[in-house]
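These notes concern the structure reproduced below.
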Amino acid sequence: MNGANPATRPAPPLPARVRREIAREQYRSELLVGAVQLGIAALLALLYAGSTHGFAPDAPVEAAPLGLSLFAILALLRLWLALSGQLGRWLLGLGVIAEMALLVGVIFAYHLQYEQPAQFSLKSTEFAYLFILIALRALRFEPLWVILSGLTAAAGWLALLGHAVASAPGNPITWDYVTSLRSIQIHYGGEFDRVLALLMVTAVLAFSLSRARRLLASAVAREQAVADLSLFFDESVASRITHSEAQVMAGQGELRQAAILFLDMRGFTGAAARLAPDELIALLGEYQGLLLPILKAHGGSIDKFMGDGILASFGAVSPDPAFAAQALRAVDAIWTAVGRWRAQRQAAGLPAPDVGAGLASGEVVFGIIGHGRRLEYTLIGDAVNLAAKLEKHNKVEHSRGLTTRTTYQLARAQGYAGSKELRAARRVGGVAAPLDLAVLG
């Protein structure tokens, strides 16, 4: 069976969380069905109140007000059961049958209201509302309820037909179509067409819903996958993957002008030696939870975590005309936030490590590397390497953050208003020529 056509293989069961999300969508759909039904009942009540009634004041029953009142009560009851979590499948099924039976009962009552023979009910224009009730069941994206509603409608109409034939005096049947339209005589062909129309609409809707339900399950699973991707990738990268029109594969890349920021927690090695594993992870969580929102708020994208290090980019995933200015603003905001964070931890008697930063800018390649089923988005370029080297060079300059004079001047040209100390002709490890640097903190 290994060579079986994939299209004929049964689909794997949906994960529990996807089933839960579909169940939530169906719950919301049931509330929508109830709300629409109440809206229709209210509209019909207004139309009825403003219309002229052509039946006797002492008629034994007023079908429309009675039916609309009972229908509204039924819809409200189902809404209450749904909101209170008591609307199980059996109660829902009974509700579907009850609402259709109620509409058929209203149509039946029209011959009593107008004091006509039972065949009169078969001429009622309210027959069209049977299709509306069937269609409303499609909002729940479950073919079962459409089928149940359609079968109930067909059975109800056959019951009306049977009652009309059985209770009529003489012979109520005619095989003349024109005569059936101009009188209350029954034309079997016309009634067969009505029942057939109900069943065909039901079948088409149920088939369409079965396809739509598969698409819904696929869409929910895809949405969950996007949410999962966002846990492992930067949101902009996850969106890029899921919305890519071309197949994602190794070797794809784009050239960008970008700023690369390397952040590192100072004193992490010492803290790791003193802290228990859970305390160390909690420290990393606080540190990353503090810095990541700041980076994202300034248009930064997280390329990767390297232990206590964070590699972020500005203008690499998506072009940004102010990438350097945004990067420097992010660093300024980080210093402010880290200062408050350290003060709080020191007051609590906890380790309060500082943060070091290295920032460089230039032309980078943002693209996909890897092989086969193991791919990774990454940044490649001199600016990436230089950012890491500048972060390490902070120890030599006794600074918290460093960037090149070129990057600083570019940021100023892009609208950055902060002022930084400049240091000329500094020797940076791993860089051949001396660099003019700007001290970020």
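Letters A, B, ... mark the chains of the structure tokens in the order given; residue numbers begin at 1 per chain; ligand numbers begin at 1, in order shown.
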
Can you pull out the residues contacting Asp436 (chain A)? Cut-off 8 Å, using only C-alpha atoms, and skip same-chain residues under 3 positions away; I want them as a CSV table (one decimal) with N, CA and C atoms, in the first residue's frame.
```csv
chain,number,residue,atom,x,y,z
A,404,THR,N,29.8,52.4,14.5
A,404,THR,CA,30.7,53.2,13.7
A,404,THR,C,30.3,54.6,13.5
A,405,ARG,N,31.2,55.5,13.2
A,405,ARG,CA,30.9,56.9,13.0
A,405,ARG,C,30.0,57.0,11.7
A,406,THR,N,30.3,56.1,10.7
A,406,THR,CA,29.5,56.1,9.5
A,406,THR,C,28.0,55.8,9.8
A,422,LEU,N,32.3,60.7,19.9
A,422,LEU,CA,33.0,60.1,18.8
A,422,LEU,C,34.5,59.8,19.3
A,423,ARG,N,35.0,58.7,18.8
A,423,ARG,CA,36.4,58.3,19.1
A,423,ARG,C,37.0,57.9,17.8
A,424,ALA,N,38.1,58.5,17.5
A,424,ALA,CA,38.7,58.3,16.1
A,424,ALA,C,39.7,57.2,16.1
A,425,ALA,N,39.9,56.6,15.0
A,425,ALA,CA,41.0,55.6,14.7
A,425,ALA,C,41.2,54.6,15.8
A,426,ARG,N,40.1,53.8,16.1
A,426,ARG,CA,40.2,52.8,17.2
A,426,ARG,C,40.5,51.4,16.5
```

### Message
I'd like to know which residues of region 379-432 of chain A are alpha helix (DSSP H) (by DSSP, run on the backbone); could you write them as a list in words?
### Response
Asp382, Ala383, Val384, Asn385, Leu386, Ala387, Ala388, Lys389, Leu390, Glu391, Lys392, His393, Asn394, Lys395, Val396, Glu397, Arg405, Thr406, Thr407, Tyr408, Gln409, Leu410, Ala411, Arg412 and Ala413 of chain A

Go ahead and save the picked residues with C-alpha atoms, as a CSV table (one decimal), in the first residue's frame.
```
chain,number,residue,atom,x,y,z
A,382,ASP,CA,30.2,42.3,6.9
A,383,ALA,CA,27.8,44.3,9.0
A,384,VAL,CA,26.7,41.2,10.9
A,385,ASN,CA,30.3,40.3,11.8
A,386,LEU,CA,31.2,43.8,12.6
A,387,ALA,CA,28.2,44.2,15.0
A,388,ALA,CA,29.4,41.2,17.0
A,389,LYS,CA,33.0,42.5,17.1
A,390,LEU,CA,31.9,46.0,18.2
A,391,GLU,CA,30.0,44.4,21.1
A,392,LYS,CA,33.1,42.6,22.3
A,393,HIS,CA,35.2,45.8,21.8
A,394,ASN,CA,33.1,47.5,24.5
A,395,LYS,CA,35.5,46.0,27.1
A,396,VAL,CA,38.4,47.8,25.5
A,397,GLU,CA,36.6,51.1,25.3
A,405,ARG,CA,30.9,56.9,13.0
A,406,THR,CA,29.5,56.1,9.5
A,407,THR,CA,26.4,54.4,11.0
A,408,TYR,CA,25.9,57.3,13.5
A,409,GLN,CA,26.1,59.9,10.8
A,410,LEU,CA,23.7,57.9,8.6
A,411,ALA,CA,21.3,57.8,11.5
A,412,ARG,CA,21.5,61.6,12.0
A,413,ALA,CA,20.8,62.0,8.3
```

### Task
Go through A:Val195, A:Ala433, A:Leu311, A:Ala64 and flag the residue nearest Ile260 (chain A), using only C-alpha atoms for the distances.
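Answer, going by the shortest atom-to-atom distance: A:Leu311.
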
Would you mind listing what lies within 10 Å of Tyr27 (chain A) as an mmCIF file with C-alpha atoms, in the first residue's frame, with only C-alpha atoms counted and same-chain residues fewer than 6 positions away left out?
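Contents of the output file out26.cif:
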```
data_model
loop_
_atom_site.group_PDB
_atom_site.id
_atom_site.type_symbol
_atom_site.label_atom_id
_atom_site.label_comp_id
_atom_site.auth_asym_id
_atom_site.auth_seq_id
_atom_site.Cartn_x
_atom_site.Cartn_y
_atom_site.Cartn_z
ATOM 1 C CA GLU A 21 -10.651 26.110 17.501
ATOM 2 C CA VAL A 33 -27.687 31.729 13.535
ATOM 3 C CA ALA A 82 -25.530 27.939 23.767
ATOM 4 C CA LEU A 83 -24.341 30.779 26.020
ATOM 5 C CA GLY A 85 -22.779 25.728 27.534
ATOM 6 C CA LEU A 87 -26.471 23.129 23.858
ATOM 7 C CA ARG A 140 -22.612 26.509 11.297
#
```

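DSSP, applied to the backbone of this structure, assigns strand (DSSP E or B) to the following residues of region 311-393 of chain A: Leu311, Ala312, Ser313, Phe314, Val355, Gly356, Ala357, Gly358, Leu359, Ala360, Ser361, Gly362, Glu363, Val364, Val365, Phe366, Gly367, Ile368, Ile369, Gly370, His371, Arg374, Leu375, Glu376, Tyr377, Thr378, Leu379 and Ile380 of chain A.
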
### Task
Can you pull out every residue within 12 Å of Asp58 (chain A), counting only C-alpha atoms, but drop anything in the same chain fewer than 5 positions away, and send it as a list of chain:residue names?
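What passes the distance filter is A:Leu112, A:Gln113, A:Tyr114, A:Glu115.
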
#### Entry: Best match for closeness to Pro321 (chain A) among A:Ala271, A:Ala258, A:Leu198, A:Ala203, counting only C-alpha atoms
A:Ala258

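Relative to CA of Met100 (chain A), CA of Phe131 (chain A) is found at 10.1 Å.
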
### Message
Could you check the closest approach to Trp145 (chain A) for each of A:Gly93, A:Pro117, A:Pro172, A:Pro65 and tell me which residue wins, using only C-alpha atoms?
### Response
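So, comparing all the options, the nearest one is A:Gly93.
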
Find the spatial neighbours of Phe305 (chain A), counting only C-alpha atoms, within a cut-off of 10 Å - ignore same-chain residues fewer than 4 positions away - and output them as a PDB file with N, CA and C atoms, in the first residue's frame.
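See around.pdb below for the written result:
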```pdb
ATOM      1  N   LEU A 263      23.191  42.318  20.814  1.00  0.00           N
ATOM      2  CA  LEU A 263      23.036  42.600  22.246  1.00  0.00           C
ATOM      3  C   LEU A 263      23.520  41.398  23.045  1.00  0.00           C
ATOM      4  N   GLN A 288      14.937  38.865  27.954  1.00  0.00           N
ATOM      5  CA  GLN A 288      14.396  38.839  26.603  1.00  0.00           C
ATOM      6  C   GLN A 288      13.014  39.492  26.545  1.00  0.00           C
ATOM      7  N   GLY A 309      22.724  36.164  24.063  1.00  0.00           N
ATOM      8  CA  GLY A 309      22.884  37.145  22.995  1.00  0.00           C
ATOM      9  C   GLY A 309      21.649  37.226  22.118  1.00  0.00           C
ATOM     10  N   ILE A 310      21.400  38.425  21.565  1.00  0.00           N
ATOM     11  CA  ILE A 310      20.279  38.639  20.650  1.00  0.00           C
ATOM     12  C   ILE A 310      20.819  39.344  19.410  1.00  0.00           C
ATOM     13  N   LEU A 311      20.524  38.784  18.240  1.00  0.00           N
ATOM     14  CA  LEU A 311      20.894  39.410  16.980  1.00  0.00           C
ATOM     15  C   LEU A 311      19.627  39.951  16.335  1.00  0.00           C
ATOM     16  N   ALA A 312      19.573  41.264  16.169  1.00  0.00           N
ATOM     17  CA  ALA A 312      18.394  41.918  15.599  1.00  0.00           C
ATOM     18  C   ALA A 312      18.809  42.727  14.380  1.00  0.00           C
TER      19      ALA A 312
END
```
